[in-house]
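> mmCIF, C-alpha atoms, saved as input-v6.cif, coming up:
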data_data
#
loop_
_atom_site.group_PDB
_atom_site.id
_atom_site.type_symbol
_atom_site.label_atom_id
_atom_site.label_comp_id
_atom_site.auth_asym_id
_atom_site.auth_seq_id
_atom_site.Cartn_x
_atom_site.Cartn_y
_atom_site.Cartn_z
ATOM 1 C CA MET A 1 0.000 0.000 0.000
ATOM 2 C CA LYS A 2 1.251 3.440 -0.942
ATOM 3 C CA PHE A 3 -0.301 6.798 -0.185
ATOM 4 C CA LYS A 4 0.003 10.441 -1.078
ATOM 5 C CA THR A 5 -1.197 13.642 0.535
ATOM 6 C CA ASP A 6 -2.454 16.797 -1.114
ATOM 7 C CA GLU A 7 -4.355 19.932 -0.173
ATOM 8 C CA LYS A 8 -7.362 21.578 -1.801
ATOM 9 C CA ASP A 9 -9.228 24.605 -0.475
ATOM 10 C CA GLY A 10 -7.695 24.165 2.976
ATOM 11 C CA VAL A 11 -8.618 20.480 3.151
ATOM 12 C CA VAL A 12 -5.933 17.796 3.458
ATOM 13 C CA ILE A 13 -6.579 14.854 1.154
ATOM 14 C CA VAL A 14 -4.956 11.512 1.936
ATOM 15 C CA THR A 15 -5.080 9.022 -0.943
ATOM 16 C CA PRO A 16 -3.975 5.457 -0.232
ATOM 17 C CA LYS A 17 -3.567 2.975 -3.099
ATOM 18 C CA GLY A 18 -3.704 -0.776 -2.612
ATOM 19 C CA LYS A 19 -4.749 -2.992 0.256
ATOM 20 C CA ILE A 20 -4.480 -1.446 3.719
ATOM 21 C CA LEU A 21 -3.038 -4.307 5.728
ATOM 22 C CA ASP A 22 -0.915 -4.401 8.844
ATOM 23 C CA GLY A 23 2.645 -3.423 7.933
ATOM 24 C CA SER A 24 5.196 -0.654 7.701
ATOM 25 C CA ASP A 25 3.388 1.274 4.940
ATOM 26 C CA THR A 26 0.251 1.317 7.067
ATOM 27 C CA ASN A 27 2.275 2.612 10.020
ATOM 28 C CA LYS A 28 3.745 5.341 7.803
ATOM 29 C CA MET A 29 0.262 6.442 6.749
ATOM 30 C CA ARG A 30 -0.956 6.509 10.352
ATOM 31 C CA ASP A 31 2.115 8.498 11.419
ATOM 32 C CA LYS A 32 1.651 10.968 8.549
ATOM 33 C CA ILE A 33 -1.991 11.574 9.463
ATOM 34 C CA GLU A 34 -1.012 12.119 13.114
ATOM 35 C CA GLU A 35 1.705 14.563 12.014
ATOM 36 C CA LEU A 36 -0.716 16.487 9.792
ATOM 37 C CA VAL A 37 -3.158 16.870 12.682
ATOM 38 C CA ARG A 38 -0.332 17.844 15.048
ATOM 39 C CA ILE A 39 0.814 20.653 12.713
ATOM 40 C CA GLY A 40 -2.681 22.041 12.255
ATOM 41 C CA ALA A 41 -4.798 20.052 9.787
ATOM 42 C CA ARG A 42 -8.421 20.286 10.901
ATOM 43 C CA ARG A 43 -10.288 19.239 7.764
ATOM 44 C CA MET A 44 -9.300 15.965 6.139
ATOM 45 C CA VAL A 45 -10.620 13.660 3.430
ATOM 46 C CA ILE A 46 -9.378 10.111 3.049
ATOM 47 C CA ASP A 47 -9.977 8.999 -0.545
ATOM 48 C CA LEU A 48 -10.556 5.242 -0.405
ATOM 49 C CA GLY A 49 -11.301 4.752 -4.101
ATOM 50 C CA GLY A 50 -7.985 2.981 -4.649
ATOM 51 C CA VAL A 51 -8.376 0.649 -1.661
ATOM 52 C CA PRO A 52 -9.930 -2.675 -2.651
ATOM 53 C CA HIS A 53 -9.551 -4.192 0.825
ATOM 54 C CA MET A 54 -8.437 -3.342 4.351
ATOM 55 C CA ASP A 55 -8.053 -5.265 7.574
ATOM 56 C CA SER A 56 -8.393 -4.099 11.161
ATOM 57 C CA SER A 57 -5.249 -1.961 10.841
ATOM 58 C CA GLY A 58 -7.067 0.126 8.218
ATOM 59 C CA ILE A 59 -10.041 0.554 10.543
ATOM 60 C CA ARG A 60 -7.628 1.607 13.315
ATOM 61 C CA ILE A 61 -6.170 4.285 11.020
ATOM 62 C CA LEU A 62 -9.623 5.652 10.184
ATOM 63 C CA VAL A 63 -10.756 5.680 13.820
ATOM 64 C CA ALA A 64 -7.476 7.257 15.012
ATOM 65 C CA ALA A 65 -7.756 9.955 12.333
ATOM 66 C CA LEU A 66 -11.381 10.616 13.254
ATOM 67 C CA ASN A 67 -10.642 10.811 16.984
ATOM 68 C CA GLY A 68 -7.485 12.888 16.533
ATOM 69 C CA LEU A 69 -9.271 15.432 14.363
ATOM 70 C CA ARG A 70 -12.314 15.607 16.649
ATOM 71 C CA LYS A 71 -10.077 16.130 19.664
ATOM 72 C CA GLU A 72 -8.646 19.221 17.922
ATOM 73 C CA GLY A 73 -12.051 20.489 16.773
ATOM 74 C CA GLY A 74 -11.604 19.094 13.280
ATOM 75 C CA GLU A 75 -13.492 16.778 10.997
ATOM 76 C CA LEU A 76 -12.823 13.747 8.812
ATOM 77 C CA ARG A 77 -14.714 12.728 5.695
ATOM 78 C CA LEU A 78 -14.315 9.585 3.610
ATOM 79 C CA ALA A 79 -14.639 9.575 -0.177
ATOM 80 C CA ARG A 80 -15.063 6.937 -2.865
ATOM 81 C CA ILE A 81 -15.413 3.999 -0.496
ATOM 82 C CA THR A 82 -15.216 0.629 -2.202
ATOM 83 C CA THR A 83 -17.858 -1.998 -1.463
ATOM 84 C CA LYS A 84 -15.540 -4.284 0.537
ATOM 85 C CA VAL A 85 -14.299 -1.393 2.686
ATOM 86 C CA GLU A 86 -17.856 -0.149 3.179
ATOM 87 C CA ASP A 87 -18.873 -3.658 4.282
ATOM 88 C CA LEU A 88 -16.006 -3.782 6.791
ATOM 89 C CA ILE A 89 -17.019 -0.392 8.232
ATOM 90 C CA ALA A 90 -20.599 -1.681 8.554
ATOM 91 C CA ILE A 91 -19.510 -4.961 10.184
ATOM 92 C CA THR A 92 -17.528 -3.017 12.780
ATOM 93 C CA GLN A 93 -20.623 -0.866 13.433
ATOM 94 C CA LEU A 94 -18.809 2.361 12.549
ATOM 95 C CA THR A 95 -21.050 3.445 9.668
ATOM 96 C CA GLY A 96 -22.633 6.285 11.626
ATOM 97 C CA GLN A 97 -19.266 7.641 12.753
ATOM 98 C CA PHE A 98 -18.026 8.634 9.291
ATOM 99 C CA LYS A 99 -19.383 11.166 6.826
ATOM 100 C CA THR A 100 -19.013 9.646 3.386
ATOM 101 C CA HIS A 101 -19.156 11.101 -0.111
ATOM 102 C CA PRO A 102 -19.136 9.601 -3.604
ATOM 103 C CA SER A 103 -16.256 11.872 -4.711
ATOM 104 C CA VAL A 104 -13.357 13.802 -3.228
ATOM 105 C CA GLU A 105 -14.764 17.011 -4.690
ATOM 106 C CA GLU A 106 -18.088 16.523 -2.890
ATOM 107 C CA ALA A 107 -16.284 15.719 0.356
ATOM 108 C CA VAL A 108 -14.224 18.918 0.092
ATOM 109 C CA ARG A 109 -17.335 20.978 -0.729
ATOM 110 C CA GLY A 110 -19.106 19.395 2.245
ATOM 111 C CA PHE A 111 -16.846 21.248 4.644
ATOM 112 C CA SER A 112 -18.233 24.594 3.496
ATOM 113 C CA SER A 113 -21.885 23.608 3.499
ATOM 114 C CA PRO A 114 -24.214 22.715 6.371
ATOM 115 C CA ASN A 115 -24.568 18.999 7.058
#
Mind turning the file's structure into structure tokens?


Amino acid sequence: MKFKTDEKDGVVIVTPKGKILDGSDTNKMRDKIEELVRIGARRMVIDLGGVPHMDSSGIRILVAALNGLRKEGGELRLARITTKVEDLIAITQLTGQFKTHPSVEEAVRGFSSPN
């Protein structure tokens, strides 16, 4: 799994590619998200369109990002969730915790509009 970060309209966009499974790349992504929050990111989108599958380490990253941002008064949105990842989020009963959008653009726009 690889990932990249970008910024659009004051929103940090994290885009992983590949399976999110326990391993060093997953730890790097988690550490990068924590660093971004630590240095001031308060609005973040994780684009999951390139993630065909994740295990519990992927769920831990999402929950840690959500909690870290909320703790700092921020917000996390998920975009382009694949069916298998959506099923895993549902199985873990976290569906109601995440705001999801069909595209990154809609997720970014969602920060400037009422929920």

> Starting from the displayed file, determine the output of the PyMOL selection byres ((chain A and resi 74-91) around 6) and express the residue list as an MDAnalysis selection string.

chainID A and resid 42:49 53 66 69:70 72:73 92:95 99:104

> For this file, the PyMOL selection byres ((chain A and resi 10-18) around 6) selects which residues, as a PyMOL selection string?

chain A and resi 1-9+19+43-47+50-51

> Emit the selected residues as a PDB file, keeping the file's coordinate frame, including C-alpha atoms.


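Saved result, result.pdb, follows:
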ATOM      1  CA  MET A   1       0.000   0.000   0.000  1.00  0.00           C
ATOM      2  CA  LYS A   2       1.251   3.440  -0.942  1.00  0.00           C
ATOM      3  CA  PHE A   3      -0.301   6.798  -0.185  1.00  0.00           C
ATOM      4  CA  LYS A   4       0.003  10.441  -1.078  1.00  0.00           C
ATOM      5  CA  THR A   5      -1.197  13.642   0.535  1.00  0.00           C
ATOM      6  CA  ASP A   6      -2.454  16.797  -1.114  1.00  0.00           C
ATOM      7  CA  GLU A   7      -4.355  19.932  -0.173  1.00  0.00           C
ATOM      8  CA  LYS A   8      -7.362  21.578  -1.801  1.00  0.00           C
ATOM      9  CA  ASP A   9      -9.228  24.605  -0.475  1.00  0.00           C
ATOM     10  CA  LYS A  19      -4.749  -2.992   0.256  1.00  0.00           C
ATOM     11  CA  ARG A  43     -10.288  19.239   7.764  1.00  0.00           C
ATOM     12  CA  MET A  44      -9.300  15.965   6.139  1.00  0.00           C
ATOM     13  CA  VAL A  45     -10.620  13.660   3.430  1.00  0.00           C
ATOM     14  CA  ILE A  46      -9.378  10.111   3.049  1.00  0.00           C
ATOM     15  CA  ASP A  47      -9.977   8.999  -0.545  1.00  0.00           C
ATOM     16  CA  GLY A  50      -7.985   2.981  -4.649  1.00  0.00           C
ATOM     17  CA  VAL A  51      -8.376   0.649  -1.661  1.00  0.00           C
TER      18      VAL A  51
END

> Tell me, in Å to one decimal, how far atom CA of A:Gln97 is from atom CA of A:Val63.

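Rounded to one decimal, the two atoms are 8.8 Å apart.
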
> In Å to one decimal, how far is atom CA of A:Asp25 from atom CA of A:Gly40?

22.8 Å

> Quick one: distance from atom CA of A:Ser24 to atom CA of A:Val37 in Å, one decimal?

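Distance between the two atoms: 20.0 Å.
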
> Restricting the calculation to all atoms listed in the file: of A:Ser112, A:Ala107, A:Ile20, A:Gly96, which residue gets closest to A:Gly58?

A:Ile20

> Can you tell me, as JSON, the centre and edge lengths (Å, one decimal) of the axis-aligned box enclosing all of stretch 73-81 of chain A's listed atoms after padding each side by 3 Å?


{"center_x": -13.5, "center_y": 12.2, "center_z": 7.0, "size_x": 9.8, "size_y": 22.5, "size_z": 25.6}

> Translate the PyMOL selection byres ((chain A and resi 30) around 9) into a concrete residue list for this structure, as number ranges by chain.

A: 25-29, 31-35, 60-62, 64-65
